[in-house]
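Data block for final.csv (CSV, C-alpha atoms):
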chain,number,residue,atom,x,y,z
A,1,MET,CA,5.4,2.8,-23.6
A,2,GLU,CA,5.6,4.3,-20.2
A,3,ALA,CA,5.1,7.9,-19.0
A,4,ALA,CA,8.2,7.6,-16.8
A,5,SER,CA,9.1,11.3,-16.6
A,6,LEU,CA,7.6,13.7,-14.2
A,7,ALA,CA,6.6,17.2,-15.3
A,8,HIS,CA,9.5,18.9,-13.7
A,9,GLY,CA,11.5,20.1,-16.7
A,10,VAL,CA,9.1,22.2,-18.8
A,11,ALA,CA,11.3,24.6,-20.6
A,12,SER,CA,9.3,27.7,-20.3
A,13,PRO,CA,8.9,30.2,-18.8
A,14,LEU,CA,12.4,30.6,-17.5
A,15,SER,CA,12.8,31.8,-13.9
A,16,PRO,CA,14.9,34.9,-13.0
A,17,ARG,CA,17.8,32.4,-12.5
A,18,GLU,CA,17.8,31.7,-16.2
A,19,GLY,CA,21.6,31.5,-16.4
A,20,MET,CA,21.6,28.7,-13.7
A,21,ILE,CA,18.8,26.5,-15.1
A,22,LYS,CA,18.7,27.1,-18.8
A,23,ASN,CA,20.1,23.6,-19.4
A,24,VAL,CA,17.7,21.8,-17.1
A,25,SER,CA,16.0,19.0,-19.0
A,26,LEU,CA,13.2,16.5,-18.2
A,27,GLU,CA,15.7,13.8,-17.6
A,28,SER,CA,17.9,15.8,-15.2
A,29,LEU,CA,15.1,16.6,-12.7
A,30,GLN,CA,14.0,13.7,-10.5
A,31,LEU,CA,12.5,13.0,-7.1
A,32,CYS,CA,14.4,12.8,-3.9
A,33,GLU,CA,13.7,9.7,-1.7
A,34,ARG,CA,11.6,11.9,0.5
A,35,ASP,CA,8.0,12.7,-0.3
A,36,GLY,CA,7.4,16.1,-1.9
A,37,CYS,CA,11.1,16.8,-2.4
A,38,TRP,CA,12.3,17.5,-5.9
A,39,GLN,CA,15.8,17.2,-7.1
A,40,ARG,CA,17.9,18.4,-10.0
A,41,ARG,CA,21.1,16.4,-10.7
A,42,GLY,CA,23.9,18.0,-12.6
A,43,SER,CA,27.5,19.0,-12.2
A,44,GLU,CA,26.6,21.0,-9.1
A,45,GLY,CA,25.2,17.9,-7.4
A,46,PHE,CA,21.8,17.4,-5.9
A,47,PHE,CA,19.6,20.4,-5.0
A,48,CYS,CA,16.3,19.9,-3.1
A,49,GLN,CA,13.2,21.9,-2.9
A,50,THR,CA,13.2,22.1,0.8
A,51,GLN,CA,16.2,23.0,2.9
A,52,SER,CA,14.6,21.0,5.8
A,53,CYS,CA,15.0,17.8,3.7
A,54,CYS,CA,18.5,17.9,2.3
A,55,GLY,CA,19.8,21.2,3.6
A,56,ARG,CA,20.4,22.9,0.3
A,57,ALA,CA,18.2,25.4,-1.6
A,58,SER,CA,17.0,24.3,-5.0
A,59,VAL,CA,17.7,26.2,-8.1
A,60,ALA,CA,14.9,24.3,-9.7
A,61,GLN,CA,12.2,25.2,-7.2
A,62,GLU,CA,11.0,28.4,-8.7
A,63,TYR,CA,11.5,27.0,-12.1
A,64,ILE,CA,9.2,24.1,-11.4
A,65,TYR,CA,6.5,26.2,-9.7
A,66,ASN,CA,6.4,28.8,-12.5
A,67,SER,CA,6.2,26.0,-15.0
A,68,THR,CA,3.3,24.5,-13.1
A,69,GLU,CA,1.5,27.8,-13.0
A,70,ARG,CA,2.2,28.2,-16.7
A,71,TRP,CA,0.2,25.0,-17.4
A,72,LYS,CA,-2.7,26.4,-15.5
A,73,ALA,CA,-2.7,29.8,-17.1
A,74,GLU,CA,-1.6,29.1,-20.6
A,75,ASP,CA,-4.1,30.2,-23.2
A,76,PRO,CA,-4.4,27.8,-26.1
A,77,GLY,CA,-4.4,30.7,-28.5
A,78,VAL,CA,-1.3,32.4,-27.2
A,79,VAL,CA,1.0,31.0,-29.8
A,80,GLY,CA,-1.7,30.8,-32.5
A,81,MET,CA,-2.1,27.0,-32.5
A,82,GLU,CA,-5.4,25.2,-31.8
A,83,LEU,CA,-4.9,21.8,-30.2
A,84,PRO,CA,-7.5,19.1,-29.7
A,85,ILE,CA,-9.0,18.4,-26.3
A,86,ALA,CA,-8.5,14.9,-24.9
A,87,ARG,CA,-12.0,13.4,-24.8
A,88,ASN,CA,-13.6,10.1,-23.6
A,89,ILE,CA,-10.6,9.3,-21.3
A,90,LYS,CA,-10.4,5.6,-20.4
A,91,ILE,CA,-8.4,4.1,-17.5
A,92,SER,CA,-7.5,0.4,-17.6
A,93,ASN,CA,-5.0,-2.2,-16.4
A,94,ILE,CA,-5.0,-0.7,-12.9
A,95,THR,CA,-2.6,-2.0,-10.4
A,96,CYS,CA,-1.5,-0.8,-6.9
A,97,ASP,CA,1.1,1.6,-8.5
A,98,SER,CA,0.3,1.9,-12.2
A,99,PHE,CA,-2.5,2.3,-14.8
A,100,LYS,CA,-3.0,2.7,-18.5
A,101,ILE,CA,-4.7,5.8,-19.9
A,102,CYS,CA,-6.0,6.5,-23.4
A,103,TRP,CA,-8.4,9.0,-25.0
A,104,ASP,CA,-10.1,9.9,-28.3
A,105,MET,CA,-8.1,12.3,-30.5
A,106,ASP,CA,-8.4,13.5,-34.1
A,107,PRO,CA,-5.7,11.6,-36.0
A,108,HIS,CA,-5.2,14.6,-38.3
A,109,THR,CA,-3.8,16.6,-35.4
A,110,THR,CA,-1.3,14.1,-34.1
A,111,GLU,CA,1.7,15.5,-36.1
A,112,LYS,CA,1.9,18.7,-34.1
A,113,ILE,CA,1.5,17.1,-30.7
A,114,THR,CA,4.7,16.6,-28.8
A,115,HIS,CA,3.7,16.1,-25.2
A,116,TYR,CA,0.9,15.1,-22.9
A,117,PHE,CA,0.4,16.8,-19.5
A,118,ILE,CA,-1.3,14.7,-16.9
A,119,ASP,CA,-2.9,16.2,-13.8
A,120,LEU,CA,-3.1,13.5,-11.1
A,121,ASN,CA,-4.6,14.2,-7.7
A,122,LYS,CA,-5.8,12.2,-4.8
A,123,LYS,CA,-9.6,12.4,-4.8
A,124,GLU,CA,-9.9,13.9,-1.4
A,125,ASN,CA,-8.0,16.9,-2.6
A,126,LYS,CA,-10.2,18.7,-5.1
A,127,ASN,CA,-7.8,21.6,-5.6
A,128,SER,CA,-6.2,20.5,-8.9
A,129,ASN,CA,-3.7,22.3,-11.1
A,130,LYS,CA,-1.6,23.5,-8.2
A,131,PHE,CA,1.9,22.4,-7.1
A,132,LYS,CA,1.3,21.1,-3.6
A,133,HIS,CA,4.4,20.9,-1.4
A,134,LYS,CA,4.9,17.5,0.3
A,135,ASP,CA,1.9,15.9,-1.5
A,136,VAL,CA,1.4,13.7,-4.5
A,137,PRO,CA,3.1,15.4,-7.5
A,138,THR,CA,0.1,16.5,-9.6
A,139,LYS,CA,1.9,17.2,-12.9
A,140,LEU,CA,3.4,14.5,-15.0
A,141,VAL,CA,4.7,15.0,-18.5
A,142,ALA,CA,5.2,12.4,-21.3
A,143,LYS,CA,6.3,12.6,-24.8
A,144,ALA,CA,3.5,12.0,-27.2
A,145,VAL,CA,3.5,8.2,-27.6
A,146,PRO,CA,1.0,5.8,-29.0
A,147,LEU,CA,-2.0,5.2,-26.7
A,148,PRO,CA,-2.8,3.6,-24.4
A,149,MET,CA,0.1,4.9,-22.3
A,150,THR,CA,1.3,3.4,-19.0
A,151,VAL,CA,1.7,5.7,-16.0
A,152,ARG,CA,3.7,4.0,-13.3
A,153,GLY,CA,5.4,5.3,-10.1
A,154,HIS,CA,5.2,4.1,-6.5
A,155,TRP,CA,6.4,7.5,-5.3
A,156,PHE,CA,3.1,9.2,-6.4
A,157,LEU,CA,0.6,6.3,-6.6
A,158,SER,CA,-0.6,4.4,-3.5
A,159,PRO,CA,-2.6,1.2,-3.5
A,160,ARG,CA,-6.3,1.3,-2.6
A,161,THR,CA,-6.5,5.1,-3.2
A,162,GLU,CA,-9.0,7.1,-5.2
A,163,TYR,CA,-7.5,9.6,-7.7
A,164,THR,CA,-8.7,12.1,-10.3
A,165,VAL,CA,-6.9,12.6,-13.6
A,166,ALA,CA,-7.2,15.1,-16.4
A,167,VAL,CA,-5.1,15.5,-19.6
A,168,GLN,CA,-3.8,18.4,-21.5
A,169,ILE,CA,-2.4,18.2,-25.1
A,170,ALA,CA,0.8,20.2,-25.7
A,171,SER,CA,3.0,21.1,-28.6
A,172,LYS,CA,6.5,22.4,-27.9
A,173,GLN,CA,7.4,25.5,-29.9
A,174,THR,CA,10.8,26.4,-31.4
A,175,ASP,CA,11.3,29.1,-28.8
A,176,GLY,CA,10.8,26.6,-26.0
A,177,ASP,CA,7.3,27.6,-25.1
A,178,TYR,CA,4.4,25.2,-25.1
A,179,ALA,CA,1.1,25.6,-26.9
A,180,VAL,CA,-1.5,23.7,-24.9
A,181,SER,CA,-5.1,22.6,-25.2
A,182,GLU,CA,-7.8,23.1,-22.7
A,183,TRP,CA,-7.9,20.5,-19.9
A,184,SER,CA,-10.0,17.5,-20.5
A,185,ASP,CA,-12.9,16.4,-18.3
A,186,ILE,CA,-11.8,14.9,-14.9
A,187,VAL,CA,-12.0,11.1,-14.6
A,188,GLU,CA,-11.9,9.2,-11.3
A,189,PHE,CA,-10.4,5.8,-10.6
A,190,CYS,CA,-9.1,3.8,-7.7
A,191,THR,CA,-5.8,1.9,-7.6
A,192,ALA,CA,-5.8,-1.8,-6.7
A,193,ASP,CA,-4.6,-3.9,-3.8
A,194,TYR,CA,-1.2,-5.5,-3.6
A,195,SER,CA,-0.9,-8.3,-6.1
A,196,SER,CA,0.5,-11.8,-5.2
A,197,VAL,CA,3.9,-10.6,-6.5
A,198,HIS,CA,4.0,-7.7,-4.0
A,199,LEU,CA,2.8,-10.0,-1.2
A,200,THR,CA,5.6,-12.4,-2.0
A,201,GLN,CA,8.1,-9.6,-1.6
A,202,LEU,CA,6.6,-8.8,1.8
A,203,LEU,CA,6.8,-12.5,2.6
A,204,GLN,CA,10.5,-12.7,1.8
A,205,LYS,CA,11.2,-9.7,4.0
A,206,ALA,CA,9.3,-11.2,6.9
A,207,GLU,CA,11.2,-14.5,6.6
A,208,VAL,CA,14.4,-12.6,7.2
A,209,ILE,CA,13.5,-11.6,10.7
A,210,ALA,CA,11.1,-14.4,11.8
A,211,GLY,CA,13.7,-16.0,14.0
A,212,ARG,CA,13.8,-19.6,15.4
A,213,MET,CA,10.7,-21.7,15.9
A,214,LEU,CA,9.1,-22.4,19.3
A,215,LYS,CA,6.6,-25.1,20.2
A,216,PHE,CA,3.0,-24.2,21.1
A,217,SER,CA,-0.2,-26.2,21.8
A,218,VAL,CA,-3.1,-23.7,21.8
A,219,PHE,CA,-4.6,-20.9,19.8
A,220,TYR,CA,-6.1,-18.2,22.0
A,221,ARG,CA,-8.3,-15.2,21.6
A,222,ASN,CA,-8.8,-12.4,24.2
A,223,GLN,CA,-12.0,-10.4,24.5
A,224,HIS,CA,-14.2,-8.8,27.2
A,225,GLU,CA,-16.6,-11.0,29.1
A,226,GLU,CA,-19.6,-9.5,27.3
A,227,TYR,CA,-18.3,-10.8,24.0
A,228,PHE,CA,-18.3,-14.4,25.1
A,229,GLN,CA,-21.7,-13.9,26.8
A,230,HIS,CA,-23.1,-12.5,23.5
A,231,CYS,CA,-21.7,-15.6,21.6
A,232,ARG,CA,-23.6,-17.8,24.1
A,233,ASP,CA,-26.9,-15.9,24.2
A,234,VAL,CA,-27.2,-14.6,20.6
A,235,LEU,CA,-24.9,-16.5,18.3
A,236,GLY,CA,-25.7,-20.1,19.4
A,237,GLY,CA,-22.5,-20.6,21.3
A,238,ARG,CA,-20.3,-19.7,18.4
A,239,MET,CA,-17.7,-17.1,17.6
A,240,MET,CA,-18.6,-15.7,14.2
A,241,PRO,CA,-16.3,-14.2,11.5
A,242,SER,CA,-16.2,-10.5,11.0
A,243,VAL,CA,-14.7,-8.3,8.3
A,244,LYS,CA,-11.0,-7.5,8.9
A,245,ASP,CA,-10.3,-4.0,9.9
A,246,ASN,CA,-7.8,-1.6,8.2
A,247,SER,CA,-4.7,-2.5,10.2
A,248,GLY,CA,-1.5,-3.3,8.4
A,249,SER,CA,-0.3,-2.5,4.9
A,250,HIS,CA,-2.5,-0.1,3.0
A,251,GLY,CA,-2.4,-2.3,0.0
A,252,SER,CA,-3.4,-5.5,1.8
A,253,PRO,CA,-6.2,-7.4,0.0
A,254,LEU,CA,-7.5,-8.6,3.4
A,255,SER,CA,-8.5,-5.3,4.9
A,256,GLY,CA,-12.2,-4.6,4.6
A,257,LYS,CA,-12.8,-7.8,2.6
A,258,LEU,CA,-11.8,-11.0,4.2
A,259,GLU,CA,-14.1,-12.3,7.1
A,260,GLY,CA,-12.5,-14.2,9.9
A,261,ILE,CA,-11.8,-14.5,13.6
A,262,PHE,CA,-8.5,-13.3,15.0
A,263,PHE,CA,-6.4,-15.7,17.1
A,264,SER,CA,-2.9,-15.6,18.6
A,265,CYS,CA,-0.4,-18.4,19.3
A,266,ASN,CA,2.8,-16.6,20.5
A,267,THR,CA,4.2,-17.9,23.7
A,268,GLU,CA,6.5,-16.6,26.3
A,269,PHE,CA,10.1,-17.7,25.8
A,270,ASN,CA,10.7,-18.7,29.5
A,271,THR,CA,7.4,-20.5,30.1
A,272,GLY,CA,6.3,-21.8,26.7
A,273,GLN,CA,2.8,-20.6,27.6
A,274,PRO,CA,0.6,-17.7,26.2
A,275,PRO,CA,1.4,-14.3,27.9
A,276,GLN,CA,-0.9,-13.2,30.7
A,277,ASP,CA,-1.2,-9.7,29.3
A,278,SER,CA,-3.5,-8.7,26.4
A,279,PRO,CA,-4.7,-5.4,24.9
A,280,TYR,CA,-8.1,-7.0,23.9
A,281,GLY,CA,-9.7,-8.1,27.1
A,282,ARG,CA,-9.3,-9.9,30.4
A,283,PHE,CA,-11.1,-13.1,29.2
A,284,ARG,CA,-9.5,-15.7,27.0
A,285,ILE,CA,-10.6,-18.7,25.1
A,286,GLN,CA,-7.9,-21.3,24.4
A,287,ILE,CA,-8.5,-23.9,21.7
A,288,PRO,CA,-6.2,-26.9,21.0
A,289,ALA,CA,-4.0,-26.2,18.0
A,290,GLU,CA,-5.1,-29.4,16.2
A,291,VAL,CA,-8.7,-28.1,16.1
A,292,LEU,CA,-8.0,-25.0,14.0
A,293,PHE,CA,-4.8,-26.2,12.3
A,294,ALA,CA,-6.1,-29.5,11.1
A,295,PRO,CA,-4.8,-31.6,8.2
A,296,ASP,CA,-7.3,-30.1,5.8
A,297,THR,CA,-6.5,-26.5,6.8
A,298,ARG,CA,-4.6,-24.3,4.3
A,299,LEU,CA,-2.2,-21.6,5.4
A,300,TYR,CA,-1.7,-18.3,3.6
A,301,PHE,CA,0.6,-15.4,4.1
A,302,GLY,CA,-1.4,-12.1,4.5
A,303,ASP,CA,0.7,-9.2,5.6
A,304,PHE,CA,3.9,-7.9,7.3
A,305,TYR,CA,3.9,-4.6,9.1
A,306,CYS,CA,4.9,-2.6,12.2
A,307,MET,CA,3.4,0.4,14.1
A,308,TYR,CA,6.3,2.8,14.6
A,309,THR,CA,7.7,0.3,17.2
A,310,ALA,CA,10.3,-2.4,17.3
A,311,TYR,CA,7.6,-5.1,17.1
A,312,HIS,CA,6.8,-6.6,13.7
A,313,TYR,CA,3.6,-8.4,12.9
A,314,VAL,CA,2.8,-11.1,10.4
A,315,ILE,CA,-0.8,-11.9,9.4
A,316,LEU,CA,-1.5,-15.5,8.5
A,317,VAL,CA,-4.8,-16.9,7.3
A,318,LEU,CA,-6.0,-20.4,8.3
A,319,ALA,CA,-8.8,-21.5,5.9
A,320,PRO,CA,-10.3,-25.0,5.8
A,321,ARG,CA,-9.9,-26.4,2.3
A,322,GLY,CA,-12.8,-25.5,0.0
A,323,SER,CA,-14.3,-22.9,2.4
A,324,ARG,CA,-15.3,-19.4,1.3
A,325,GLY,CA,-12.2,-18.0,2.9
A,326,ASP,CA,-10.0,-20.5,1.1
A,327,LEU,CA,-11.6,-19.6,-2.2
A,328,TYR,CA,-10.9,-15.9,-1.6
A,329,CYS,CA,-7.3,-16.4,-0.5
A,330,LYS,CA,-6.0,-18.9,-3.1
A,331,ASP,CA,-6.1,-16.4,-6.0
A,332,ARG,CA,-4.8,-13.5,-3.9
A,333,LEU,CA,-2.3,-14.6,-1.2
A,334,PRO,CA,0.9,-16.7,-1.3
A,335,GLU,CA,0.1,-20.2,0.2
A,336,LEU,CA,2.6,-21.6,2.7
A,337,ASP,CA,3.7,-25.2,3.1
A,338,VAL,CA,2.2,-26.1,6.5
A,339,THR,CA,5.2,-28.4,7.3
A,340,ASN,CA,8.0,-26.1,6.1
A,341,ASN,CA,7.7,-22.3,6.5
A,342,ARG,CA,9.3,-19.7,8.7
A,343,PHE,CA,6.1,-18.7,10.7
A,344,LEU,CA,3.7,-21.5,11.6
A,345,THR,CA,4.1,-25.2,11.1
A,346,ARG,CA,2.3,-28.5,11.7
A,347,VAL,CA,4.6,-31.5,11.5
A,348,CYS,CA,3.9,-35.1,12.3
A,349,GLY,CA,6.8,-36.7,14.1
A,350,GLU,CA,8.1,-40.3,13.7
A,351,ASP,CA,6.2,-41.3,16.8
A,352,GLY,CA,2.9,-40.1,15.2
A,353,GLN,CA,2.7,-37.0,17.5
A,354,VAL,CA,1.9,-33.7,15.8
A,355,VAL,CA,4.1,-30.8,16.7
A,356,PHE,CA,3.1,-27.2,16.3
A,357,GLN,CA,5.6,-24.4,16.1
A,358,HIS,CA,5.5,-20.6,15.7
A,359,ALA,CA,8.2,-18.0,14.9
A,360,GLN,CA,9.8,-16.4,17.9
A,361,ASP,CA,10.7,-12.9,16.6
A,362,VAL,CA,7.5,-11.8,15.0
A,363,ILE,CA,4.0,-11.4,16.5
A,364,LEU,CA,1.6,-13.7,14.6
A,365,GLU,CA,-1.9,-12.5,14.0
A,366,LEU,CA,-4.0,-15.5,12.7
A,367,ILE,CA,-7.3,-15.2,10.9
A,368,TYR,CA,-9.5,-18.3,11.0
A,369,THR,CA,-12.1,-17.9,8.3
A,370,GLU,CA,-15.0,-20.1,9.7
A,371,PRO,CA,-17.3,-19.9,12.8
A,372,VAL,CA,-15.8,-21.5,15.9
A,373,PRO,CA,-17.9,-23.1,18.6
A,374,LEU,CA,-17.0,-22.0,22.2
A,375,ALA,CA,-17.4,-25.7,23.1
A,376,GLN,CA,-14.1,-26.4,21.2
A,377,GLY,CA,-12.1,-24.6,23.9
A,378,THR,CA,-12.1,-23.2,27.4
A,379,VAL,CA,-12.8,-19.6,28.5
A,380,SER,CA,-11.1,-18.2,31.6
A,381,GLN,CA,-9.9,-14.9,33.0
A,382,ILE,CA,-6.2,-14.0,32.6
A,383,SER,CA,-4.2,-12.6,35.5
A,384,GLY,CA,-2.3,-9.9,33.7
A,385,HIS,CA,-3.0,-6.4,32.5
A,386,GLN,CA,-4.9,-5.0,29.5
A,387,LEU,CA,-2.1,-3.3,27.6
A,388,MET,CA,-4.1,-1.1,25.3
A,389,SER,CA,-0.9,0.4,23.8
A,390,LEU,CA,-0.3,-3.0,22.1
A,391,SER,CA,-3.6,-3.1,20.3
A,392,THR,CA,-3.4,-3.4,16.5
A,393,VAL,CA,-7.1,-2.4,15.8
A,394,ASN,CA,-7.0,-0.2,12.7
A,395,ALA,CA,-3.3,0.3,13.3
A,396,LYS,CA,-1.5,2.2,10.5
A,397,LYS,CA,1.7,0.8,9.1
A,398,ASP,CA,4.9,2.8,9.5
A,399,PRO,CA,5.7,3.8,5.9
A,400,SER,CA,9.3,4.7,6.8
A,401,CYS,CA,10.4,1.2,8.1
A,402,LYS,CA,12.9,-0.4,5.8
A,403,THR,CA,12.3,-3.8,7.4
A,404,CYS,CA,8.7,-4.2,6.4
A,405,ASN,CA,8.1,-2.0,3.4
A,406,ILE,CA,8.5,-2.7,-0.3
A,407,SER,CA,9.0,-0.4,-3.3
A,408,VAL,CA,5.3,0.2,-4.0
A,409,GLY,CA,2.8,2.3,-2.3
A,410,ARG,CA,2.6,1.6,1.5
Please re-express this file's structure in structure tokens.
Amino acid sequence: MEAASLAHGVASPLSPREGMIKNVSLESLQLCERDGCWQRRGSEGFFCQTQSCCGRASVAQEYIYNSTERWKAEDPGVVGMELPIARNIKISNITCDSFKICWDMDPHTTEKITHYFIDLNKKENKNSNKFKHKDVPTKLVAKAVPLPMTVRGHWFLSPRTEYTVAVQIASKQTDGDYAVSEWSDIVEFCTADYSSVHLTQLLQKAEVIAGRMLKFSVFYRNQHEEYFQHCRDVLGGRMMPSVKDNSGSHGSPLSGKLEGIFFSCNTEFNTGQPPQDSPYGRFRIQIPAEVLFAPDTRLYFGDFYCMYTAYHYVILVLAPRGSRGDLYCKDRLPELDVTNNRFLTRVCGEDGQVVFQHAQDVILELIYTEPVPLAQGTVSQISGHQLMSLSTVNAKKDPSCKTCNISVGR
């Protein structure tokens, strides 16, 4: 069973506005679409915690805050009931936006337990047991259900994020108050990357805006002159893979894990040639498309994102079949048909000529997973400018963009 409810309807203590909120229930309080904004839905409509968000004061705000403080200050002996402490907490089945939690508990005490209070915090914020405005909601409440219990919610769980969690056992009294146990020990865990299901959702969104296909003939990579000289002098004339940075979606299974070499293939519409400007350096190596996108090369979809601009980026992985990069990607990323997809294709025509095409309306970032000898291409200086504003190095994805975000943590 799932802990689907947030702890925003604890029935005691009542705020001074008792007459206005005495009928508020767990089910009637819910989150606004904006982070950190609580709502109560009833006959009066929606009321938000912050006037800056929805423009209306919340009758539930003080109620929620006082209830949260109640959990912190409640003495287990106040109502004369001794409740067990959750011990030996175990976290399992972790995904990018859910986890299962269980703990040891005396079976003889389960009859008087009605609820579990869960204090969930991002690890970097050590100040637990406080209601934090516009931050991850720290208090969740669930009816006492058989363990393990699933906690799921993309509005308060983000992928690849470290959290701390503690549990409090509660029993609702006839007067509406709660008897509570002491807090359990704090346990730490980290949420997972996007799964292939989430990446497929990103893929489908990217396909919508990819646009028509344009022909191209070379992959290219821009760097400073010193980079290519280092490859010649130190690396045996080869460009070597390096670990991908943290640009793109926060949940991407590529960031900080996959090793590869970045290439581009986008061309200018009017010339059919690579652009003469680049944010990465004035020197460029151009390699014939058939060298890197060979018949035994597999193609994977990696990510879809933007950086608070109108430009959208699609990350694709080119991995020779059986290579280490291929082995990493095949269980984690959606594989694309190299002859029929919306981003990058390799098609052999009736005349035997191979035609390469790329999507016009997205910027493709290609990761080739193996070393590439400089001798396979030509290095020359470009005539354009180094547009640093277009660099995507460690670029953060815009979490508010409806075009490239899905309903899980960003």
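Nearest residue to A:Val347, choosing from A:Lys90, A:Lys122, A:Lys215, A:Lys205 and counting all atoms listed in the file: A:Lys215.
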Which neighbours of A:Val355 fall inside 10 Å, counting all atoms listed in the file, when residues of the same chain fewer than 4 positions from it are skipped, and could you give them as a PyMOL selection string? chain A and resi 215-217+289-290+339+345-349
So which one's closest to A:Asp233, A:Arg342, A:Leu374, A:Thr403, A:Asp351? Using only C-alpha atoms, please.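 Checking each of A:Arg342, A:Leu374, A:Thr403, A:Asp351 against A:Asp233, counting only C-alpha atoms, the winner is A:Leu374.
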Would you mind telling me which residue in A:Arg221, A:Lys139, A:Lys402, A:Arg212 lies nearest to A:Phe283 when using only C-alpha atoms? A:Arg221
Of the listed residues A:Pro253, A:Pro84, A:Gly260, A:Gly377, that which approaches A:Ser171 most closely, counting only C-alpha atoms: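 Of all the options, A:Pro84 lies closest to A:Ser171.
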Extract, using only C-alpha atoms, all DNA, RNA and protein residues at most 8 Å from stretch 105-115 of chain A, discarding same-chain residues fewer than 6 positions from it, and format them as a PDB file with C-alpha atoms, in the frame of the given file.
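Saved as result26.pdb:
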ATOM      1  CA  LEU A  83      -4.900  21.800 -30.200  1.00  0.00           C
ATOM      2  CA  PRO A  84      -7.500  19.100 -29.700  1.00  0.00           C
ATOM      3  CA  ILE A  85      -9.000  18.400 -26.300  1.00  0.00           C
ATOM      4  CA  ALA A  86      -8.500  14.900 -24.900  1.00  0.00           C
ATOM      5  CA  ARG A  87     -12.000  13.400 -24.800  1.00  0.00           C
ATOM      6  CA  VAL A 141       4.700  15.000 -18.500  1.00  0.00           C
ATOM      7  CA  ALA A 142       5.200  12.400 -21.300  1.00  0.00           C
ATOM      8  CA  LYS A 143       6.300  12.600 -24.800  1.00  0.00           C
ATOM      9  CA  ALA A 144       3.500  12.000 -27.200  1.00  0.00           C
ATOM     10  CA  ILE A 169      -2.400  18.200 -25.100  1.00  0.00           C
ATOM     11  CA  ALA A 170       0.800  20.200 -25.700  1.00  0.00           C
ATOM     12  CA  SER A 171       3.000  21.100 -28.600  1.00  0.00           C
ATOM     13  CA  LYS A 172       6.500  22.400 -27.900  1.00  0.00           C
TER      14      LYS A 172
END
Proximity to A:Val208 - best of A:Asp296, A:Asp398, A:Glu225, A:Asp361, only C-alpha atoms: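 Closest to A:Val208 of all the choices is A:Asp361.
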Close residues, A:Leu203 itself excluded, 10 Å, all atoms listed in the file, min 3 positions apart in chain, as an NGL selection string: :A and (197-200 or 206-208 or 301-304 or 314 or 334 or 342 or 404)
For the atom pair atom CA of A:Lys257 and atom CA of A:Arg324, what is the interatomic distance in Å to one decimal place? 11.9 Å
Excluding A:Val167 and its own-chain neighbours fewer than 4 positions away, which residues fall within 8 Å of it when counting all atoms listed in the file? Please give them as a PyMOL selection string. chain A and resi 86+116-119+183-185
Within 12 Å of (0.0, 0.0, -12.8) in the file's own coordinates, which protein, DNA or RNA residues have an atom, counting all atoms listed in the file? List them as a ChimeraX atom specification. /A:2-4,91-101,149-154,156-159,190-195,408-409
Cut-off 7 Å around (5.4, -20.7, 15.5) with only C-alpha atoms: residues as a short mmCIF file (atom, residue, chain, number, x, y, z; two decimals) with C-alpha atoms, keeping the file's coordinate frame:
data_model
loop_
_atom_site.label_atom_id
_atom_site.label_comp_id
_atom_site.auth_asym_id
_atom_site.auth_seq_id
_atom_site.Cartn_x
_atom_site.Cartn_y
_atom_site.Cartn_z
CA MET A 213 10.70 -21.70 15.90
CA LEU A 214 9.10 -22.40 19.30
CA LYS A 215 6.60 -25.10 20.20
CA ASN A 266 2.80 -16.60 20.50
CA PHE A 343 6.10 -18.70 10.70
CA LEU A 344 3.70 -21.50 11.60
CA THR A 345 4.10 -25.20 11.10
CA PHE A 356 3.10 -27.20 16.30
CA GLN A 357 5.60 -24.40 16.10
CA HIS A 358 5.50 -20.60 15.70
CA ALA A 359 8.20 -18.00 14.90
CA GLN A 360 9.80 -16.40 17.90
#
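Reported to one decimal place, the separation of atom CA of A:Ile367 from atom CA of A:Gly211 is 21.2 Å.
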Please indicate the distance in Å from atom CA of A:Phe293 to atom CA of A:Ser249, rounded to one decimal place.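 Pair atom CA of A:Phe293 / atom CA of A:Ser249 returns 25.2 Å.
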